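Here's coords.cif, which has mmCIF, C-alpha atoms and all ligand atoms:
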```cif
data_my_file
loop_
_atom_site.label_atom_id
_atom_site.label_comp_id
_atom_site.auth_asym_id
_atom_site.auth_seq_id
_atom_site.Cartn_x
_atom_site.Cartn_y
_atom_site.Cartn_z
CA MET Z 1 7.93 -19.75 15.39
CA THR Z 2 7.34 -20.91 11.82
CA ALA Z 3 10.61 -20.75 9.94
CA PRO Z 4 10.20 -19.58 6.36
CA ASP Z 5 11.37 -22.11 3.85
CA ILE Z 6 14.46 -20.35 2.49
CA PRO Z 7 17.03 -22.51 0.70
CA PRO Z 8 20.16 -22.79 2.86
CA GLY Z 9 23.18 -20.86 1.69
CA THR Z 10 21.18 -18.30 -0.27
CA GLY Z 11 22.66 -15.56 1.88
CA THR Z 12 21.91 -11.90 1.73
CA THR Z 13 22.11 -9.86 -1.44
CA LEU Z 14 21.89 -6.49 0.35
CA VAL Z 15 24.99 -4.40 -0.43
CA GLU Z 16 24.50 -0.79 0.68
CA LEU Z 17 22.14 2.16 0.68
CA ARG Z 18 22.38 4.55 -2.25
CA CYS Z 19 21.03 8.04 -2.72
CA HIS Z 20 18.13 8.10 -5.17
CA ALA Z 21 19.16 11.61 -6.31
CA CYS Z 22 22.98 11.73 -6.44
CA GLY Z 23 23.84 8.02 -6.33
CA SER Z 24 26.34 8.26 -3.47
CA PRO Z 25 26.74 5.09 -1.35
CA HIS Z 26 25.93 4.86 2.37
CA PRO Z 27 26.31 2.17 5.01
CA LEU Z 28 23.31 0.01 5.93
CA THR Z 29 22.26 2.04 8.98
CA ALA Z 30 18.94 3.53 10.13
CA SER Z 31 19.24 6.64 7.99
CA TYR Z 32 16.92 7.81 5.26
CA ALA Z 33 18.34 11.04 3.84
CA CYS Z 34 21.58 11.54 1.94
CA PRO Z 35 23.95 13.72 4.00
CA ALA Z 36 25.26 15.25 0.75
CA CYS Z 37 21.99 16.27 -0.96
CA PHE Z 38 19.10 15.21 1.35
CA GLY Z 39 17.82 12.83 -1.35
CA PRO Z 40 16.10 9.62 -0.18
CA LEU Z 41 18.32 6.60 0.40
CA GLU Z 42 17.34 3.25 -1.08
CA PRO Z 43 18.78 -0.26 -0.76
CA HIS Z 44 21.03 -1.61 -3.44
CA TYR Z 45 21.46 -5.34 -4.05
CA ASP Z 46 23.89 -7.74 -5.65
CA TYR Z 47 21.58 -8.30 -8.62
CA ALA Z 48 23.70 -11.07 -10.14
CA LYS Z 49 23.37 -13.07 -6.93
CA ALA Z 50 19.67 -12.23 -6.61
CA GLY Z 51 19.05 -13.26 -10.21
CA ALA Z 52 20.82 -16.59 -9.75
CA ALA Z 53 18.64 -17.45 -6.73
CA LEU Z 54 15.33 -16.05 -7.97
CA THR Z 55 14.22 -18.30 -10.80
CA ARG Z 56 10.50 -18.80 -11.45
CA ASP Z 57 10.80 -22.38 -10.23
CA ALA Z 58 12.65 -21.44 -7.05
CA ILE Z 59 10.01 -18.84 -6.24
CA ALA Z 60 7.16 -21.25 -6.99
CA ALA Z 61 8.56 -23.72 -4.45
CA ARG Z 62 8.49 -21.21 -1.59
CA PRO Z 63 5.69 -20.47 0.91
CA LEU Z 64 2.91 -18.10 -0.20
CA ASN Z 65 3.99 -14.98 1.66
CA LEU Z 66 5.92 -11.85 0.73
CA TRP Z 67 9.27 -13.40 1.64
CA ARG Z 68 9.18 -15.54 -1.52
CA TYR Z 69 11.09 -12.64 -3.13
CA ARG Z 70 13.45 -12.15 -0.21
CA GLU Z 71 16.62 -11.66 -2.31
CA LEU Z 72 15.07 -8.37 -3.45
CA LEU Z 73 14.21 -7.28 0.10
CA PRO Z 74 16.58 -5.34 2.40
CA ILE Z 75 17.39 -7.78 5.19
CA THR Z 76 20.63 -9.59 5.99
CA GLY Z 77 19.37 -12.56 8.04
CA ALA Z 78 16.17 -14.58 8.35
CA PRO Z 79 12.71 -12.95 8.16
CA GLN Z 80 11.26 -12.33 11.64
CA THR Z 81 7.61 -11.54 10.87
CA GLY Z 82 5.22 -11.46 7.93
CA PHE Z 83 4.83 -15.22 7.51
CA VAL Z 84 1.11 -14.71 6.81
CA SER Z 85 1.55 -11.35 5.05
CA GLY Z 86 1.36 -10.76 1.32
CA TRP Z 87 0.21 -13.16 -1.40
CA THR Z 88 -3.21 -11.53 -1.39
CA PRO Z 89 -5.75 -12.45 -4.10
CA LEU Z 90 -5.53 -11.07 -7.63
CA ILE Z 91 -9.12 -11.32 -8.79
CA ARG Z 92 -10.38 -11.14 -12.35
CA ALA Z 93 -13.18 -8.58 -11.99
CA ASP Z 94 -15.49 -9.05 -14.99
CA ARG Z 95 -18.60 -7.53 -13.42
CA LEU Z 96 -16.65 -4.43 -12.38
CA ALA Z 97 -15.04 -4.28 -15.83
CA ALA Z 98 -18.45 -4.28 -17.52
CA ARG Z 99 -19.65 -1.41 -15.35
CA LEU Z 100 -16.47 0.57 -16.07
CA GLY Z 101 -16.65 -0.07 -19.82
CA LEU Z 102 -13.48 -2.17 -19.85
CA ASP Z 103 -12.86 -5.79 -20.79
CA GLU Z 104 -9.95 -7.02 -18.68
CA VAL Z 105 -9.76 -5.76 -15.12
CA TYR Z 106 -8.09 -7.32 -12.07
CA VAL Z 107 -8.31 -6.31 -8.44
CA LYS Z 108 -5.20 -6.79 -6.31
CA ASP Z 109 -6.98 -7.21 -3.01
CA ASP Z 110 -4.85 -6.04 -0.09
CA SER Z 111 -8.03 -5.33 1.87
CA VAL Z 112 -7.49 -8.92 3.08
CA ASN Z 113 -3.77 -8.69 3.70
CA ARG Z 114 -2.84 -10.21 7.08
CA PRO Z 115 -2.70 -9.66 9.94
CA SER Z 116 -4.10 -6.10 9.83
CA LEU Z 117 -6.07 -5.84 6.58
CA SER Z 118 -4.11 -3.32 4.52
CA TYR Z 119 -1.10 -3.05 2.23
CA LYS Z 120 0.90 -1.82 5.25
CA ASP Z 121 1.48 -5.44 6.38
CA ARG Z 122 3.99 -5.65 3.53
CA VAL Z 123 6.15 -2.68 4.50
CA VAL Z 124 5.96 -3.44 8.22
CA SER Z 125 7.07 -7.08 7.80
CA VAL Z 126 10.23 -5.83 6.14
CA ALA Z 127 10.82 -2.79 8.38
CA LEU Z 128 10.47 -4.70 11.67
CA THR Z 129 12.69 -7.54 10.49
CA ARG Z 130 15.31 -4.91 9.66
CA ALA Z 131 14.64 -3.08 12.97
CA ILE Z 132 15.56 -6.25 14.87
CA GLU Z 133 18.70 -6.68 12.76
CA LEU Z 134 19.71 -3.11 13.63
CA GLY Z 135 19.12 -3.74 17.35
CA PHE Z 136 16.00 -1.65 17.99
CA THR Z 137 13.81 -2.74 20.89
CA THR Z 138 11.28 0.11 20.62
CA VAL Z 139 9.56 0.64 17.27
CA GLY Z 140 6.81 2.91 16.02
CA CYS Z 141 5.51 5.05 13.18
CA ALA Z 142 3.73 8.20 12.08
CA SER Z 143 0.45 6.94 10.69
CA THR Z 144 -2.90 7.80 9.13
CA GLY Z 145 -4.26 4.63 10.78
CA ASN Z 146 -3.41 1.50 8.83
CA LEU Z 147 0.33 1.73 9.44
CA ALA Z 148 -0.23 2.05 13.20
CA ASN Z 149 -2.53 -1.02 13.10
CA SER Z 150 0.15 -3.04 11.34
CA VAL Z 151 3.11 -1.88 13.46
CA ALA Z 152 1.15 -2.58 16.65
CA ALA Z 153 0.14 -6.08 15.49
CA HIS Z 154 3.58 -7.16 14.24
CA ALA Z 155 5.36 -5.65 17.27
CA ALA Z 156 3.05 -7.55 19.64
CA ARG Z 157 3.94 -10.84 18.01
CA LEU Z 158 7.64 -9.99 18.07
CA GLY Z 159 7.58 -8.84 21.70
CA LEU Z 160 8.86 -5.36 20.80
CA ARG Z 161 7.73 -2.20 22.54
CA ALA Z 162 5.63 -0.09 20.15
CA VAL Z 163 4.78 3.62 20.20
CA VAL Z 164 2.47 4.67 17.37
CA PHE Z 165 1.58 8.27 16.50
CA ILE Z 166 -1.69 9.18 14.76
CA PRO Z 167 -3.89 12.23 14.21
CA ALA Z 168 -6.42 12.32 17.10
CA ASP Z 169 -9.53 12.50 14.90
CA LEU Z 170 -9.14 9.21 12.97
CA GLU Z 171 -11.96 6.71 12.43
CA ALA Z 172 -12.82 4.82 15.65
CA ALA Z 173 -11.96 1.37 14.28
CA LYS Z 174 -8.54 2.58 13.14
CA ILE Z 175 -7.73 3.77 16.67
CA ILE Z 176 -9.13 0.68 18.43
CA GLY Z 177 -7.42 -1.47 15.81
CA SER Z 178 -4.09 -0.23 17.14
CA ALA Z 179 -4.88 0.01 20.85
CA ILE Z 180 -6.01 -3.62 21.13
CA TYR Z 181 -2.42 -4.84 20.63
CA GLY Z 182 -1.22 -2.83 23.64
CA PRO Z 183 1.18 -0.25 22.18
CA ASP Z 184 1.40 3.33 23.36
CA VAL Z 185 -1.03 5.09 21.03
CA ILE Z 186 -0.13 8.78 20.89
CA ALA Z 187 -3.01 10.74 19.34
CA ILE Z 188 -1.89 14.20 18.24
CA ARG Z 189 -4.27 17.13 17.83
CA GLY Z 190 -3.18 17.98 14.31
CA THR Z 191 -2.90 16.62 10.79
CA TYR Z 192 -0.77 13.68 9.66
CA ASP Z 193 1.83 16.17 8.51
CA ASP Z 194 2.08 17.54 12.07
CA VAL Z 195 2.43 13.97 13.37
CA ASN Z 196 5.17 13.23 10.88
CA ARG Z 197 7.18 16.33 11.82
CA LEU Z 198 6.99 15.38 15.48
CA CYS Z 199 8.13 11.83 14.73
CA ALA Z 200 11.29 13.02 12.95
CA GLU Z 201 12.28 14.72 16.21
CA VAL Z 202 11.31 11.70 18.31
CA ALA Z 203 13.41 9.30 16.21
CA ASP Z 204 16.47 11.55 16.57
CA ARG Z 205 16.07 12.16 20.27
CA TYR Z 206 15.09 8.69 21.57
CA GLY Z 207 16.79 6.40 19.09
CA TRP Z 208 13.61 4.45 18.34
CA GLY Z 209 13.05 2.58 15.09
CA LEU Z 210 10.21 4.47 13.45
CA VAL Z 211 9.37 2.42 10.40
CA ASN Z 212 8.49 5.27 8.02
CA VAL Z 213 10.97 7.77 9.45
CA ASN Z 214 14.49 6.52 10.17
CA LEU Z 215 13.75 3.00 8.82
CA ARG Z 216 12.03 4.39 5.73
CA ALA Z 217 14.69 3.16 3.26
CA TYR Z 218 13.97 -0.45 4.31
CA TYR Z 219 10.24 -0.04 4.94
CA ALA Z 220 9.54 1.31 1.45
CA GLU Z 221 11.04 -1.78 -0.21
CA GLY Z 222 8.31 -4.00 1.21
CA ALA Z 223 5.88 -2.27 -1.15
CA LYS Z 224 7.63 -3.82 -4.15
CA THR Z 225 6.15 -7.20 -3.21
CA MET Z 226 2.73 -6.05 -4.40
CA ALA Z 227 4.19 -5.63 -7.90
CA PHE Z 228 6.06 -8.96 -7.73
CA GLU Z 229 2.86 -10.76 -6.79
CA ILE Z 230 0.78 -9.11 -9.52
CA ALA Z 231 3.26 -10.21 -12.18
CA GLU Z 232 3.56 -13.74 -10.79
CA GLN Z 233 -0.22 -14.08 -10.41
CA LEU Z 234 -0.71 -12.96 -14.03
CA GLY Z 235 1.54 -15.88 -15.05
CA TRP Z 236 4.77 -13.84 -15.09
CA ARG Z 237 3.30 -11.07 -17.23
CA PHE Z 238 3.08 -7.33 -16.69
CA PRO Z 239 -0.37 -5.74 -16.70
CA ARG Z 240 -0.75 -2.96 -19.29
CA HIS Z 241 -2.05 -0.43 -16.73
CA LEU Z 242 -1.95 -0.05 -12.95
CA VAL Z 243 -4.16 2.37 -11.00
CA CYS Z 244 -2.88 3.00 -7.47
CA PRO Z 245 -3.77 5.33 -4.59
CA VAL Z 246 -1.11 7.82 -3.47
CA ALA Z 247 -0.56 9.21 0.03
CA GLY Z 248 3.06 9.71 1.12
CA GLY Z 249 4.20 8.23 -2.18
CA THR Z 250 5.72 4.99 -0.93
CA LEU Z 251 3.67 2.40 -2.79
CA LEU Z 252 3.47 3.58 -6.39
CA PRO Z 253 7.20 4.32 -7.00
CA ARG Z 254 8.19 1.06 -5.27
CA MET Z 255 5.81 -0.90 -7.44
CA ALA Z 256 7.52 0.74 -10.43
CA ARG Z 257 10.89 -0.33 -8.98
CA GLY Z 258 9.57 -3.85 -8.44
CA PHE Z 259 8.36 -4.17 -12.04
CA ARG Z 260 11.69 -2.83 -13.29
CA GLU Z 261 13.64 -5.36 -11.21
CA LEU Z 262 11.54 -8.24 -12.57
CA GLY Z 263 12.39 -7.11 -16.08
CA GLU Z 264 16.10 -6.71 -15.31
CA LEU Z 265 16.29 -10.16 -13.71
CA GLY Z 266 14.63 -11.68 -16.78
CA LEU Z 267 11.65 -12.99 -14.82
CA VAL Z 268 9.15 -11.03 -16.95
CA ALA Z 269 9.47 -9.90 -20.57
CA GLY Z 270 7.90 -6.89 -22.27
CA ASP Z 271 7.06 -3.34 -21.30
CA PRO Z 272 6.35 -2.57 -17.65
CA PRO Z 273 2.89 -1.12 -16.97
CA VAL Z 274 1.63 2.40 -17.49
CA LEU Z 275 1.15 3.84 -13.98
CA HIS Z 276 -1.77 6.03 -12.86
CA ALA Z 277 -2.04 7.88 -9.54
CA ALA Z 278 -5.33 8.18 -7.64
CA GLN Z 279 -5.92 10.82 -4.94
CA ALA Z 280 -8.88 12.33 -3.14
CA ALA Z 281 -9.91 15.77 -4.38
CA GLY Z 282 -9.70 16.93 -0.75
CA CYS Z 283 -5.99 16.05 -0.65
CA ALA Z 284 -4.43 15.87 -4.11
CA PRO Z 285 -0.99 17.51 -3.99
CA VAL Z 286 0.59 14.93 -6.31
CA VAL Z 287 -2.20 14.93 -8.89
CA GLY Z 288 -2.24 18.74 -8.71
CA ALA Z 289 1.49 18.82 -9.52
CA LEU Z 290 1.03 16.26 -12.29
CA HIS Z 291 -1.68 18.37 -13.94
CA ALA Z 292 0.30 21.60 -13.45
CA GLY Z 293 3.55 20.15 -14.83
CA LEU Z 294 5.50 20.66 -11.56
CA ASP Z 295 8.38 18.44 -10.40
CA PHE Z 296 7.48 18.73 -6.71
CA PRO Z 297 4.00 18.81 -5.16
CA ASP Z 298 2.91 21.96 -3.33
CA PRO Z 299 1.72 21.01 0.19
CA VAL Z 300 -2.04 21.19 0.83
CA ARG Z 301 -4.23 21.01 3.93
CA PRO Z 302 -6.25 17.75 3.71
CA HIS Z 303 -10.02 17.57 3.98
CA THR Z 304 -11.50 14.27 2.79
CA ILE Z 305 -13.19 11.07 3.98
CA ALA Z 306 -10.17 9.20 2.58
CA ARG Z 307 -8.23 9.62 5.83
CA SER Z 308 -5.66 6.91 5.14
CA ILE Z 309 -4.39 8.81 2.09
CA ALA Z 310 -4.78 12.32 3.54
CA ILE Z 311 -1.13 13.38 3.47
CA GLY Z 312 -0.75 17.02 2.46
CA ASN Z 313 3.05 17.05 2.19
CA PRO Z 314 4.03 13.67 0.70
CA ALA Z 315 7.62 12.63 1.43
CA ASP Z 316 8.02 10.79 -1.88
CA GLY Z 317 5.59 12.80 -3.99
CA PHE Z 318 8.29 13.73 -6.48
CA GLN Z 319 9.08 10.05 -6.99
CA VAL Z 320 5.44 9.42 -7.88
CA LEU Z 321 5.63 12.20 -10.48
CA GLU Z 322 8.86 10.72 -11.86
CA VAL Z 323 7.55 7.20 -12.37
CA VAL Z 324 4.06 8.18 -13.58
CA ARG Z 325 5.54 10.46 -16.25
CA ALA Z 326 8.25 7.99 -17.26
CA SER Z 327 5.61 5.29 -17.77
CA GLY Z 328 3.37 7.50 -19.90
CA GLY Z 329 0.65 7.41 -17.24
CA TRP Z 330 -1.63 9.96 -15.70
CA GLY Z 331 -3.60 10.58 -12.51
CA ASP Z 332 -6.75 12.17 -11.24
CA ALA Z 333 -8.64 13.06 -8.10
CA ALA Z 334 -12.08 11.95 -6.88
CA THR Z 335 -14.54 13.87 -4.70
CA ASP Z 336 -15.86 12.31 -1.50
CA ASP Z 337 -19.15 11.43 -3.23
CA GLU Z 338 -17.28 9.82 -6.12
CA ILE Z 339 -15.17 7.89 -3.58
CA ARG Z 340 -18.31 6.56 -1.83
CA ALA Z 341 -19.74 5.57 -5.21
CA GLY Z 342 -16.47 3.77 -6.00
CA MET Z 343 -16.66 1.84 -2.72
CA ALA Z 344 -20.27 0.84 -3.46
CA LEU Z 345 -19.46 -0.18 -7.04
CA LEU Z 346 -16.63 -2.52 -5.97
CA ALA Z 347 -18.80 -4.00 -3.21
CA GLU Z 348 -21.84 -4.54 -5.47
CA THR Z 349 -19.93 -5.98 -8.41
CA GLU Z 350 -17.14 -8.01 -6.80
CA GLY Z 351 -18.13 -8.51 -3.16
CA ILE Z 352 -15.15 -6.53 -1.85
CA PHE Z 353 -15.67 -3.92 0.87
CA THR Z 354 -12.77 -1.50 0.65
CA GLU Z 355 -12.11 1.71 2.52
CA PRO Z 356 -12.18 5.18 0.90
CA ALA Z 357 -8.62 4.77 -0.46
CA GLY Z 358 -9.89 1.83 -2.54
CA GLY Z 359 -12.99 3.79 -3.51
CA THR Z 360 -10.62 6.48 -4.78
CA THR Z 361 -8.85 3.96 -7.01
CA VAL Z 362 -12.16 2.78 -8.49
CA ALA Z 363 -13.45 6.34 -8.98
CA VAL Z 364 -10.25 7.48 -10.69
CA THR Z 365 -10.27 4.39 -12.92
CA ARG Z 366 -13.72 5.47 -14.08
CA LYS Z 367 -12.35 8.93 -14.92
CA LEU Z 368 -9.43 7.47 -16.86
CA VAL Z 369 -11.94 5.48 -18.93
CA GLU Z 370 -14.01 8.63 -19.59
CA GLN Z 371 -10.82 10.39 -20.70
CA GLY Z 372 -10.00 7.56 -23.12
CA ARG Z 373 -6.76 6.72 -21.31
CA LEU Z 374 -8.10 3.26 -20.46
CA ARG Z 375 -10.19 1.45 -23.07
CA PRO Z 376 -11.43 -2.03 -23.96
CA GLY Z 377 -8.80 -3.98 -25.87
CA GLY Z 378 -6.08 -1.88 -24.23
CA GLY Z 379 -4.70 -4.80 -22.19
CA PRO Z 380 -5.04 -5.89 -18.57
CA VAL Z 381 -5.79 -3.14 -16.03
CA VAL Z 382 -4.95 -3.80 -12.36
CA LEU Z 383 -6.56 -1.81 -9.55
CA ALA Z 384 -4.57 -1.62 -6.30
CA ILE Z 385 -7.12 -2.03 -3.50
CA THR Z 386 -5.11 -1.23 -0.40
CA GLY Z 387 -7.40 -1.19 2.64
CA ASN Z 388 -10.51 -2.68 4.25
CA GLY Z 389 -13.93 -1.03 4.47
CA TYR Z 390 -14.88 -2.61 7.80
CA LYS Z 391 -12.36 -0.23 9.43
CA THR Z 392 -14.07 2.85 8.01
CA ALA Z 393 -17.74 1.87 8.04
CA GLU Z 394 -18.77 5.38 9.11
CA ALA Z 395 -17.67 6.73 5.72
CA VAL Z 396 -20.63 4.99 4.08
CA ALA Z 397 -23.04 4.80 7.01
CA GLU Z 398 -25.39 7.29 5.29
CA SER Z 399 -24.89 6.30 1.66
CA ALA Z 400 -25.12 2.48 1.99
CA GLY Z 401 -28.65 1.18 1.30
CA PRO Z 402 -31.33 1.32 4.03
CA THR Z 403 -32.23 -1.63 6.26
CA VAL Z 404 -35.79 -3.02 6.32
CA THR Z 405 -36.90 -3.31 9.93
CA LEU Z 406 -40.02 -5.39 10.62
CA GLY Z 407 -41.91 -7.03 13.50
CA ARG Z 408 -41.56 -10.76 14.04
CA SER Z 409 -44.72 -11.94 12.24
CA PHE Z 410 -44.72 -13.70 8.88
CA ARG Z 411 -47.58 -11.41 7.81
CA GLU Z 412 -45.40 -8.31 8.10
CA PHE Z 413 -42.71 -9.88 5.99
CA GLU Z 414 -45.28 -10.93 3.42
CA GLN Z 415 -46.66 -7.40 3.22
CA TRP Z 416 -43.19 -6.02 2.70
CA HIS Z 417 -42.45 -8.60 0.04
CA GLU Z 418 -45.68 -7.85 -1.86
CA GLN Z 419 -45.05 -4.13 -2.08
CA ALA Z 420 -41.33 -4.58 -2.77
CA THR Z 421 -41.84 -6.82 -5.83
C1 LIG V 501 -0.80 3.99 3.29
C2 LIG V 501 -1.92 3.72 2.35
C3 LIG V 501 -1.84 3.94 0.96
C4 LIG V 501 -0.68 4.50 0.21
O1 LIG V 501 0.20 5.26 0.87
P1 LIG V 501 1.65 5.63 0.32
O2 LIG V 501 2.20 6.45 1.44
O3 LIG V 501 1.48 6.44 -0.93
O4 LIG V 501 2.37 4.38 0.11
C5 LIG V 501 -2.91 3.59 0.18
N1 LIG V 501 -4.02 3.05 0.72
C6 LIG V 501 -4.14 2.80 2.02
C7 LIG V 501 -5.40 2.17 2.51
C8 LIG V 501 -3.10 3.11 2.90
O5 LIG V 501 -3.25 2.85 4.20
ZN ZN V 502 22.48 12.40 -2.46
#
```

Kindly return the structure encoded in the file as structure tokens.
Amino acid sequence: MTAPDIPPGTGTTLVELRCHACGSPHPLTASYACPACFGPLEPHYDYAKAGAALTRDAIAARPLNLWRYRELLPITGAPQTGFVSGWTPLIRADRLAARLGLDEVYVKDDSVNRPSLSYKDRVVSVALTRAIELGFTTVGCASTGNLANSVAAHAARLGLRAVVFIPADLEAAKIIGSAIYGPDVIAIRGTYDDVNRLCAEVADRYGWGLVNVNLRAYYAEGAKTMAFEIAEQLGWRFPRHLVCPVAGGTLLPRMARGFRELGELGLVAGDPPVLHAAQAAGCAPVVGALHAGLDFPDPVRPHTIARSIAIGNPADGFQVLEVVRASGGWGDAATDDEIRAGMALLAETEGIFTEPAGGTTVAVTRKLVEQGRLRPGGGPVVLAITGNGYKTAEAVAESAGPTVTLGRSFREFEQWHEQAT
């Protein structure tokens, strides 16, 4: 196995888990809710030690994967997986910017994250490394598709048994894209929220390491690496705005935490970005709560083509509301037609085929421009593109342009060409 190039003697900086709500400390076990107040637990680090190790030069000398920030990730030993995960492209998107009426737009392209083509390769690299440290031999997840793909792929390489739970009616490529790695794929007749409830019981009863259930405190931290990379790829600067899709509410609050940590460690100066949440109109509990001024989202029953972000009862929805409001940001929801148009726009302008979650980000960015919240001269805007369109081709099977089908003769082609031009 390729050993990551970590300087010897760096050691772990992980200290304890702490409750996000009441601050009480907890041991570094597979638990995710505070016994005192049920608040979410999150890792706490020795920041002085992390800061001493994580200079810009030290980071620059490390391999181009998500472990280059390992002192801010919740493991105690060596990374076990994820050596090709992270460090996805940050692309300056001038043609997209022109179409949106903006002047400085970047796409953070996790549609080509490896090995399973979504942002979930970040959280799974961290969660499964921690799962091995905690002694789990069976791992799994409750998933809307991409997480199951990633858990199955990483577990195969690690030789761990995997059991992944998904709603039964997911896109075909999302189901096959798990099954090919040989896990037990448990397809539940119900919504993601039904799957998630079942998995909480399974984790308790069988003692398995379910990455977004009992390992959630560790899993969520992997999402910070998307923020670390954006800042490093911008030359150790913060963008002015970030637009990010929201499902269970893991990614957006952890990116906020990542930006904050970079500021506190002195790696980046200036104000952290204004954060905007993007949801599908057919499943927008967080955006609904944002617009209504609520602290907690009201659960909804999802109905949208954006299956990967169709979570009606988001575990960390209140954290999204917290960080969006604290940053002075906003959020909006896009209809299925607007999502398809967003997918097409990104493909036609930048050559990136994203899934409906990415189309949602593009569509909501357009709305934020219409509302005057994003404008030219307002500083760099980063769009979080989190998944790959080849997994969800059926979402645009009707709306993508038609194919010209001809016979084999040159004459037929010539006739087509004459009437087409
Ligand atoms: C999981 C996922 C997200 C975000 O989900 P969170 O639970 O909010 O972190 C966004 N896009 C895609 C494609 C995903 O698979
Ligand atoms: Zn608590």

Self-check item: Surrounding residues of segment 216-219 of chain Z excluding itself and chain neighbours under 3 positions, 8 Å, all atoms listed in the file, as a PyMOL selection string
Solution: chain Z and resi 17+31-32+40-43+74+123-124+126-127+130+210-213+222-223

Quiz item: Once you count all atoms listed in the file, which residues end up within 10 Å of ligand LIG 501 (chain V), and could you hand them over as an NGL selection string?
Solution: :Z and (110-111 or 117-121 or 123 or 143-150 or 212 or 220 or 223 or 244-255 or 277-279 or 306-311 or 314-317 or 320 or 354-361 or 384-389)

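Among all protein and nucleic acid residues, the ones that lie within 10 Å of ligand ZN 502 (chain V) when counting only C-alpha atoms and all ligand atoms are Z:Arg18, Z:Cys19, Z:His20, Z:Ala21, Z:Cys22, Z:Gly23, Z:Ser24, Z:Pro25, Z:His26, Z:Ala33, Z:Cys34, Z:Pro35, Z:Ala36, Z:Cys37, Z:Phe38, Z:Gly39, Z:Pro40, Z:Leu41.
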
Residues within 12 Å of (8.3, 10.3, -15.8), file coordinates, counting all atoms listed in the file: what are they? Give the list as a PDB file with C-alpha atoms, in the frame of the given file.
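Result file follows (selection-v6.pdb):
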```
ATOM      1  CA  PRO Z 253       7.200   4.320  -7.000  1.00  0.00           C
ATOM      2  CA  ALA Z 256       7.520   0.740 -10.430  1.00  0.00           C
ATOM      3  CA  VAL Z 274       1.630   2.400 -17.490  1.00  0.00           C
ATOM      4  CA  LEU Z 275       1.150   3.840 -13.980  1.00  0.00           C
ATOM      5  CA  HIS Z 276      -1.770   6.030 -12.860  1.00  0.00           C
ATOM      6  CA  LEU Z 290       1.030  16.260 -12.290  1.00  0.00           C
ATOM      7  CA  GLY Z 293       3.550  20.150 -14.830  1.00  0.00           C
ATOM      8  CA  LEU Z 294       5.500  20.660 -11.560  1.00  0.00           C
ATOM      9  CA  ASP Z 295       8.380  18.440 -10.400  1.00  0.00           C
ATOM     10  CA  PHE Z 318       8.290  13.730  -6.480  1.00  0.00           C
ATOM     11  CA  GLN Z 319       9.080  10.050  -6.990  1.00  0.00           C
ATOM     12  CA  VAL Z 320       5.440   9.420  -7.880  1.00  0.00           C
ATOM     13  CA  LEU Z 321       5.630  12.200 -10.480  1.00  0.00           C
ATOM     14  CA  GLU Z 322       8.860  10.720 -11.860  1.00  0.00           C
ATOM     15  CA  VAL Z 323       7.550   7.200 -12.370  1.00  0.00           C
ATOM     16  CA  VAL Z 324       4.060   8.180 -13.580  1.00  0.00           C
ATOM     17  CA  ARG Z 325       5.540  10.460 -16.250  1.00  0.00           C
ATOM     18  CA  ALA Z 326       8.250   7.990 -17.260  1.00  0.00           C
ATOM     19  CA  SER Z 327       5.610   5.290 -17.770  1.00  0.00           C
ATOM     20  CA  GLY Z 328       3.370   7.500 -19.900  1.00  0.00           C
ATOM     21  CA  GLY Z 329       0.650   7.410 -17.240  1.00  0.00           C
ATOM     22  CA  TRP Z 330      -1.630   9.960 -15.700  1.00  0.00           C
TER      23      TRP Z 330
END
```

Exercise. Between atom CA of Arg92 of chain Z and atom CA of Val364 of chain Z, measure the distance and give it in Å to one decimal.
Key: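 One can read the atom CA of Arg92 of chain Z to atom CA of Val364 of chain Z distance as 18.7 Å.
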
Practice problem: Go through Z:His417, Z:His303, Z:His154, Z:Lys174 and flag the residue nearest Ala393 of chain Z, using all atoms listed in the file for the distances. | Solution: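 Ranked by minimum distance to Ala393 of chain Z, first place goes to Z:Lys174.
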
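Note that atom CA of Thr403 of chain Z and atom CA of Ala347 of chain Z are 16.6 Å apart.
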
Self-check item: From Z:Val396, Z:Val151, Z:Ile91, Z:Leu242, residue lying nearest Ala227 of chain Z [only C-alpha atoms]
Solution: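 When distances to Ala227 of chain Z are compared using only C-alpha atoms, the smallest one comes from Z:Leu242.
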
Quiz item: atom CA of Glu261 of chain Z and atom CA of Asn65 of chain Z are how many Å apart?
Solution: 18.7 Å
